[in-house]
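Student: The following block contains the structure, expressed as C-alpha cells.
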Amino acid sequence: MNMSLIKKSMFVGAIAFTMCATSTFAGGKGIKVGDALPDLKTFGLQGALPEDLKGKVVLLDFWASWCGPCKESFPVMEELHQKYGTKGLVIVAVNVDEDAGAMKDFLKDHAVTFAIVHDATKKLVGTANIASMPTSFVIGTDGKVVSIHKGFHGKDTAKQYTAEVEKLLAGNVARK
C-alpha cells in the first residue's frame with residue numbers, strides 16, 4: 001500500500017470517527033444561553049448530584065476520559081471549586097463515556113472534589129445537544145444559562161470561567 005493511500009485512509013477514518021462521536025452526543029434542540037437549566041435529577045444520572053442548585057452559580061461541564069482538553073480543564077475547575085465553592089459556586093461534571101470504568105480510571109489520575117456524575121443513558125447529553133468535548137455551561141443564580149464554552153482553550157478559557165464566576169457571585173452578593 002502506498003503512503004498516499006494510507007494517509008487518505010487515515011483521513012477518512014478520522015472524519016468518520018468525528019461524525020460518529022458527534023452524532024452519538026448531539027440529538028436534541030439543545031440548551032441555549034438564556035434557557036433555564038433543566039432539573040438534573042430527572043435524567044437518571046449515576047452519582048451524587050449536589051442537593052440544591054437554587055441560588056447557586058453552576059458550572060455544568062460535559063467531559064469524556066478520551067478527551068485531551070478535558071484533562072487540561074480538570075485542574076482549572078478544581079481550582080475554581082476550591083476558591084469559590086464556599087462562596088456559592090457548584091461544579092457538576094457530567095461524564096459521557098460508554099464505560100463507567102474508563103471514567104473511574106480517569107479520575108484516579110485526575111482526582112477532584114467537585115461533583116462527578118455519569119450520563120450512561122445519554123439523556124442529558126441529548127437534551128443539551130452536546131457535539132464536542134468538553135462543553136461547559138455557566139448558569140447564573142437565577143438558574144439560567146449565561147454562557148456556553150465549547151472546547152477548552154487553556155488559559156483563555158480559565159480566564160473566561162473566572163471572570164464569569166466572579167461577576168455572577170458578585171451579583172449574588174449584591175442581591176442579598
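Labels used: A, B, ... for chains in the order of the C-alpha cells, numbers from 1 for residues in each chain, and numbers from 1 for ligands as shown.
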Please provide the set of residues having any atom within 10 Å of segment 38-44 of chain A, restricted to only C-alpha atoms, with same-chain residues fewer than 3 positions apart removed, written as a ChimeraX atom specification.
Tutor: /A:31,35,47-51,53,92,117-125,127-128,143-144
Student: Produce a file of the selected residues containing N, CA, C and O atoms, as a compact mmCIF listing (two decimals), in the first residue's frame.
Tutor:
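Everything below was put into again_7.txt:
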```
# COMPACT_ATOMS: atom_id res chain seq x y z
N ILE A 31 -29.57 23.19 24.75
CA ILE A 31 -29.74 24.21 25.78
C ILE A 31 -28.96 25.42 25.29
O ILE A 31 -27.79 25.31 24.91
N ASP A 35 -31.72 30.00 28.43
CA ASP A 35 -32.59 28.89 28.83
C ASP A 35 -32.39 28.56 30.30
O ASP A 35 -31.29 28.71 30.83
N GLY A 47 -24.40 8.74 40.17
CA GLY A 47 -23.52 9.52 41.02
C GLY A 47 -24.33 10.50 41.84
O GLY A 47 -25.54 10.65 41.64
N ALA A 48 -23.66 11.17 42.74
CA ALA A 48 -24.34 12.08 43.66
C ALA A 48 -24.35 13.51 43.11
O ALA A 48 -23.29 14.11 42.91
N LEU A 49 -25.55 13.99 42.87
CA LEU A 49 -25.71 15.39 42.48
C LEU A 49 -25.74 16.26 43.74
O LEU A 49 -26.18 15.79 44.80
N PRO A 50 -25.31 17.51 43.63
CA PRO A 50 -25.45 18.42 44.77
C PRO A 50 -26.93 18.53 45.16
O PRO A 50 -27.81 18.47 44.29
N GLU A 51 -27.18 18.69 46.43
CA GLU A 51 -28.56 18.72 46.94
C GLU A 51 -29.42 19.81 46.29
O GLU A 51 -30.50 19.55 45.83
N LEU A 53 -29.31 23.35 43.80
CA LEU A 53 -28.58 24.28 42.94
C LEU A 53 -29.23 25.67 42.92
O LEU A 53 -28.67 26.60 42.36
N VAL A 92 -20.55 20.72 38.46
CA VAL A 92 -21.05 19.38 38.19
C VAL A 92 -20.45 18.95 36.86
O VAL A 92 -20.70 19.57 35.83
N VAL A 117 -20.81 13.04 37.84
CA VAL A 117 -21.91 12.11 37.55
C VAL A 117 -21.67 11.49 36.17
O VAL A 117 -20.94 12.04 35.35
N HIS A 118 -22.31 10.36 35.94
CA HIS A 118 -22.16 9.64 34.68
C HIS A 118 -23.52 9.60 33.98
O HIS A 118 -24.51 9.20 34.57
N ASP A 119 -23.54 10.03 32.72
CA ASP A 119 -24.76 10.03 31.92
C ASP A 119 -24.77 8.78 31.03
O ASP A 119 -24.58 8.86 29.82
N ALA A 120 -24.99 7.63 31.65
CA ALA A 120 -24.95 6.35 30.94
C ALA A 120 -26.00 6.26 29.85
O ALA A 120 -25.77 5.67 28.79
N THR A 121 -27.15 6.87 30.06
CA THR A 121 -28.25 6.79 29.10
C THR A 121 -28.16 7.85 28.00
O THR A 121 -28.90 7.78 27.03
N LYS A 122 -27.30 8.83 28.20
CA LYS A 122 -27.10 9.95 27.27
C LYS A 122 -28.34 10.84 27.15
O LYS A 122 -28.48 11.59 26.19
N LYS A 123 -29.24 10.77 28.13
CA LYS A 123 -30.44 11.61 28.09
C LYS A 123 -30.10 13.09 28.24
O LYS A 123 -30.59 13.93 27.49
N LEU A 124 -29.25 13.41 29.21
CA LEU A 124 -28.88 14.82 29.40
C LEU A 124 -28.03 15.31 28.24
O LEU A 124 -28.22 16.42 27.74
N VAL A 125 -27.11 14.48 27.79
CA VAL A 125 -26.25 14.84 26.65
C VAL A 125 -27.11 15.14 25.42
O VAL A 125 -26.87 16.12 24.71
N THR A 127 -30.35 16.04 25.42
CA THR A 127 -31.15 17.23 25.68
C THR A 127 -30.32 18.49 25.49
O THR A 127 -30.77 19.48 24.92
N ALA A 128 -29.08 18.45 25.98
CA ALA A 128 -28.20 19.62 25.86
C ALA A 128 -27.64 19.77 24.46
O ALA A 128 -27.15 20.83 24.10
N GLY A 143 -30.78 30.38 37.70
CA GLY A 143 -30.99 29.09 37.05
C GLY A 143 -30.92 29.13 35.54
O GLY A 143 -31.17 28.12 34.89
N LYS A 144 -30.55 30.28 34.98
CA LYS A 144 -30.50 30.41 33.52
C LYS A 144 -29.05 30.39 33.01
O LYS A 144 -28.14 30.89 33.66
```
Student: Give me the residues near Phe62 of chain A as an MDAnalysis selection string, where near means some atom within 8 Å (using only C-alpha atoms) and where sequence neighbours in that chain fewer than 3 positions away do not count.
Tutor: chainID A and resid 93:96 125 130 133:136
Student: What gap, in Å, lies between atom CA of Leu107 of chain A and atom CA of Ala64 of chain A?
Tutor: 10.7 Å
Student: Report as a tab-separated table: every residue of segment 126-169 of chain A with an atom at most 12 Å from segment 78-82 of chain A, its closest pair of atoms, and their distance in Å to one decimal, counting only C-alpha atoms, with rows sorted by chain and ascending residue number.
Tutor:
```
residue	atom	partner	partner_atom	distance
A:Ala158	CA	A:Leu80	CA	9.0
A:Lys159	CA	A:Leu80	CA	10.7
A:Gln160	CA	A:Leu80	CA	11.6
A:Tyr161	CA	A:Leu80	CA	8.3
A:Thr162	CA	A:Leu80	CA	7.3
A:Ala163	CA	A:Leu80	CA	10.9
A:Glu164	CA	A:Leu80	CA	11.3
A:Val165	CA	A:Leu80	CA	8.6
A:Glu166	CA	A:Leu80	CA	10.1
```
Student: Could you jot down the atom CA of Gly68 of chain A to atom CA of Asn129 of chain A separation for me, Å, one decimal place?
Tutor: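 A separation of 20.4 Å between them.
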Student: Take atom CA of Ile91 of chain A and atom CA of Phe74 of chain A and report the distance between them in Å, one decimal.
Tutor: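 Computing the Euclidean distance for atom CA of Ile91 of chain A and atom CA of Phe74 of chain A yields 10.8 Å.
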Student: Quick check for you: according to DSSP on this backbone, which residues of chain A are classed as strand (DSSP E)? Reply as an MDAnalysis selection string.
Tutor: chainID A and resid 57:63 89:95 115:118 135:139 145:150
Student: Any chance you could list, as a VMD selection string, the residues in segment 4-148 of chain A that come up alpha helix (DSSP H) when DSSP is run on the backbone?
Tutor: chain A and resid 4 to 25 68 to 84 100 to 109 123 to 128
Student: For Lys56 of chain A, please output as a PyMOL selection string all residues within 7 Å (counting only C-alpha atoms; exclusion window: fewer than 4 positions along the same chain).
Tutor: chain A and resi 88-90+140-141
Student: For Gly34 of chain A, which residue out of A:Tyr84, A:Phe114, A:Phe137, A:Trp63 is the nearest one, using only C-alpha atoms?
Tutor: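 Among A:Tyr84, A:Phe114, A:Phe137, A:Trp63, it is A:Phe137 that comes nearest to Gly34 of chain A.
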Student: Could you tell me which of A:Thr157, A:Ser147, A:Gln46, A:Ile116 comes closest to Val76 of chain A if we count only C-alpha atoms?
Tutor: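 With only C-alpha atoms as the atom set, the closest residue is A:Thr157.
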